[in-house]
Amino acid sequence: MPEHYTKTLEELRKLTFIKSLFSTSVDHSAIAIVISKLYGKSLNECIAEIEATEGVRNVYPSIVNSTLK
């Protein structure tokens, strides 16, 4: 929901397992880099917490295979 955008990003910033959070344009309005194992959570638990955040409409998990730069 656009009216919750700023509040939603602030709530996501509070989640300790989110290493980086980016505000973006085009198809996704935000992208989060999640490090689950460091915080004793499974990736599924982290995704569930993100999905439960007010204002989050969809979560599209993806795994980084390698860093190119």
# chains A, B, ... in the order shown; residues from 1 in each chain; ligands from 1
>>> residues_around(residues="A:Leu38", least_positions_apart="6", cutoff="12 Å", atoms="only C-alpha atoms", output="compact mmCIF listing (two decimals) with N, CA, C and O atoms, in the first residue's frame")
# COMPACT_ATOMS: atom_id res chain seq x y z
N THR A 16 16.54 -7.38 12.54
CA THR A 16 17.99 -7.54 12.67
C THR A 16 18.61 -8.39 11.56
O THR A 16 19.77 -8.20 11.22
N PHE A 17 17.85 -9.31 11.00
CA PHE A 17 18.40 -10.19 9.97
C PHE A 17 18.46 -9.53 8.59
O PHE A 17 19.03 -10.09 7.66
N ILE A 18 17.91 -8.33 8.44
CA ILE A 18 18.03 -7.60 7.18
C ILE A 18 19.34 -6.82 7.22
O ILE A 18 19.49 -5.89 8.00
N LYS A 19 20.28 -7.25 6.39
CA LYS A 19 21.61 -6.63 6.36
C LYS A 19 21.57 -5.30 5.61
O LYS A 19 22.20 -4.33 6.01
N CYS A 46 12.50 -15.86 8.42
CA CYS A 46 12.74 -14.47 8.05
C CYS A 46 11.70 -13.99 7.04
O CYS A 46 11.15 -12.89 7.18
>>> select_by_dssp(residues="chain A", states="strand (DSSP E or B)", output="PyMOL selection string")
chain A and resi 18-23+30-34
>>> write_last_selection(atoms="all heavy atoms", output="short mmCIF file (atom, residue, chain, number, x, y, z; two decimals), in the first residue's frame")
data_model
loop_
_atom_site.label_atom_id
_atom_site.label_comp_id
_atom_site.auth_asym_id
_atom_site.auth_seq_id
_atom_site.Cartn_x
_atom_site.Cartn_y
_atom_site.Cartn_z
N ILE A 18 17.91 -8.33 8.44
CA ILE A 18 18.03 -7.60 7.18
C ILE A 18 19.34 -6.82 7.22
O ILE A 18 19.49 -5.89 8.00
CB ILE A 18 16.83 -6.68 6.93
CG1 ILE A 18 15.58 -7.54 6.68
CG2 ILE A 18 17.10 -5.76 5.74
CD1 ILE A 18 14.32 -6.75 6.36
N LYS A 19 20.28 -7.25 6.39
CA LYS A 19 21.61 -6.63 6.36
C LYS A 19 21.57 -5.30 5.61
O LYS A 19 22.20 -4.33 6.01
CB LYS A 19 22.60 -7.57 5.68
CG LYS A 19 24.00 -7.00 5.56
CD LYS A 19 24.93 -7.96 4.87
CE LYS A 19 26.30 -7.33 4.75
NZ LYS A 19 27.18 -8.09 3.90
N SER A 20 20.85 -5.25 4.50
CA SER A 20 20.73 -4.04 3.68
C SER A 20 19.30 -3.93 3.20
O SER A 20 18.65 -4.94 2.93
CB SER A 20 21.66 -4.11 2.46
OG SER A 20 22.99 -4.25 2.85
N LEU A 21 18.83 -2.69 3.07
CA LEU A 21 17.47 -2.45 2.58
C LEU A 21 17.54 -1.31 1.57
O LEU A 21 18.08 -0.24 1.87
CB LEU A 21 16.55 -2.07 3.75
CG LEU A 21 15.08 -1.83 3.42
CD1 LEU A 21 14.43 -3.09 2.85
CD2 LEU A 21 14.34 -1.37 4.66
N PHE A 22 17.03 -1.56 0.38
CA PHE A 22 17.09 -0.60 -0.71
C PHE A 22 15.70 -0.18 -1.15
O PHE A 22 14.84 -1.03 -1.35
CB PHE A 22 17.83 -1.21 -1.92
CG PHE A 22 19.19 -1.73 -1.59
CD1 PHE A 22 19.37 -3.05 -1.24
CD2 PHE A 22 20.29 -0.89 -1.63
CE1 PHE A 22 20.63 -3.54 -0.94
CE2 PHE A 22 21.55 -1.36 -1.33
CZ PHE A 22 21.73 -2.69 -0.98
N SER A 23 15.49 1.10 -1.29
CA SER A 23 14.27 1.63 -1.88
C SER A 23 14.51 1.67 -3.38
O SER A 23 15.52 2.22 -3.83
CB SER A 23 13.99 3.03 -1.34
OG SER A 23 12.88 3.59 -1.98
N ALA A 30 11.04 -2.21 -2.95
CA ALA A 30 12.13 -2.36 -1.99
C ALA A 30 12.80 -3.72 -2.18
O ALA A 30 12.14 -4.69 -2.57
CB ALA A 30 11.62 -2.23 -0.56
N ILE A 31 14.08 -3.75 -1.90
CA ILE A 31 14.84 -5.00 -1.93
C ILE A 31 15.63 -5.09 -0.63
O ILE A 31 16.28 -4.13 -0.23
CB ILE A 31 15.80 -5.05 -3.14
CG1 ILE A 31 14.99 -5.06 -4.44
CG2 ILE A 31 16.71 -6.27 -3.05
CD1 ILE A 31 15.84 -5.00 -5.69
N ALA A 32 15.55 -6.25 0.01
CA ALA A 32 16.26 -6.47 1.27
C ALA A 32 17.27 -7.59 1.10
O ALA A 32 16.98 -8.60 0.47
CB ALA A 32 15.28 -6.83 2.38
N ILE A 33 18.44 -7.40 1.67
CA ILE A 33 19.45 -8.46 1.74
C ILE A 33 19.33 -9.07 3.13
O ILE A 33 19.49 -8.38 4.14
CB ILE A 33 20.88 -7.91 1.53
CG1 ILE A 33 20.99 -7.11 0.24
CG2 ILE A 33 21.90 -9.04 1.61
CD1 ILE A 33 20.75 -7.91 -1.02
N VAL A 34 19.02 -10.36 3.18
CA VAL A 34 18.75 -11.06 4.44
C VAL A 34 19.88 -12.04 4.73
O VAL A 34 20.28 -12.82 3.86
CB VAL A 34 17.40 -11.82 4.36
CG1 VAL A 34 17.19 -12.70 5.57
CG2 VAL A 34 16.25 -10.83 4.18
#
>>> residues_around(residues="A:Ile47", least_positions_apart="5", cutoff="9 Å", atoms="only C-alpha atoms", output="PyMOL selection string")
chain A and resi 42+52+59+61
>>> select_by_dssp(residues="chain A", states="helix (DSSP H, G or I)", output="short mmCIF file (atom, residue, chain, number, x, y, z; two decimals) with N, CA and C atoms, in the first residue's frame")
data_model
loop_
_atom_site.label_atom_id
_atom_site.label_comp_id
_atom_site.auth_asym_id
_atom_site.auth_seq_id
_atom_site.Cartn_x
_atom_site.Cartn_y
_atom_site.Cartn_z
N PRO A 2 0.71 2.11 -0.98
CA PRO A 2 1.55 3.31 -1.05
C PRO A 2 1.49 4.19 0.20
N GLU A 3 0.34 4.26 0.84
CA GLU A 3 0.21 5.10 2.02
C GLU A 3 1.02 4.58 3.21
N HIS A 4 1.44 3.32 3.17
CA HIS A 4 2.23 2.71 4.25
C HIS A 4 3.71 2.58 3.89
N TYR A 5 4.10 3.06 2.72
CA TYR A 5 5.44 2.80 2.19
C TYR A 5 6.55 3.20 3.18
N THR A 6 6.56 4.43 3.64
CA THR A 6 7.62 4.90 4.53
C THR A 6 7.59 4.15 5.85
N LYS A 7 6.41 3.96 6.42
CA LYS A 7 6.28 3.24 7.68
C LYS A 7 6.74 1.79 7.52
N THR A 8 6.38 1.18 6.40
CA THR A 8 6.78 -0.21 6.15
C THR A 8 8.30 -0.32 6.06
N LEU A 9 8.95 0.58 5.35
CA LEU A 9 10.40 0.55 5.26
C LEU A 9 11.04 0.74 6.64
N GLU A 10 10.49 1.60 7.45
CA GLU A 10 11.01 1.80 8.81
C GLU A 10 10.88 0.52 9.65
N GLU A 11 9.76 -0.17 9.51
CA GLU A 11 9.57 -1.43 10.25
C GLU A 11 10.54 -2.49 9.75
N LEU A 12 10.75 -2.56 8.45
CA LEU A 12 11.70 -3.53 7.91
C LEU A 12 13.12 -3.24 8.37
N ARG A 13 13.48 -1.97 8.51
CA ARG A 13 14.82 -1.59 8.98
C ARG A 13 15.09 -2.12 10.39
N LYS A 37 21.10 -17.06 8.91
CA LYS A 37 21.84 -17.99 9.78
C LYS A 37 22.57 -17.28 10.92
N LEU A 38 23.07 -16.06 10.68
CA LEU A 38 23.78 -15.33 11.73
C LEU A 38 22.88 -15.01 12.92
N TYR A 39 21.58 -15.00 12.69
CA TYR A 39 20.64 -14.61 13.75
C TYR A 39 19.81 -15.80 14.24
N LEU A 43 15.63 -19.24 6.76
CA LEU A 43 15.20 -18.29 5.73
C LEU A 43 13.68 -18.20 5.72
N ASN A 44 13.00 -19.32 5.92
CA ASN A 44 11.53 -19.32 5.94
C ASN A 44 10.98 -18.47 7.09
N GLU A 45 11.65 -18.51 8.24
CA GLU A 45 11.22 -17.68 9.38
C GLU A 45 11.39 -16.20 9.06
N CYS A 46 12.50 -15.86 8.42
CA CYS A 46 12.74 -14.47 8.05
C CYS A 46 11.70 -13.99 7.04
N ILE A 47 11.42 -14.82 6.05
CA ILE A 47 10.41 -14.46 5.05
C ILE A 47 9.05 -14.26 5.71
N ALA A 48 8.70 -15.14 6.64
CA ALA A 48 7.41 -15.02 7.34
C ALA A 48 7.33 -13.70 8.12
N GLU A 49 8.43 -13.29 8.75
CA GLU A 49 8.43 -12.01 9.48
C GLU A 49 8.28 -10.83 8.53
N ILE A 50 8.94 -10.91 7.39
CA ILE A 50 8.82 -9.84 6.41
C ILE A 50 7.38 -9.78 5.89
N GLU A 51 6.81 -10.93 5.55
CA GLU A 51 5.43 -10.99 5.05
C GLU A 51 4.43 -10.45 6.07
#
>>> atom_distance(atom1="atom CA of A:Lys69", atom2="atom CA of A:Gly40")
27.9 Å
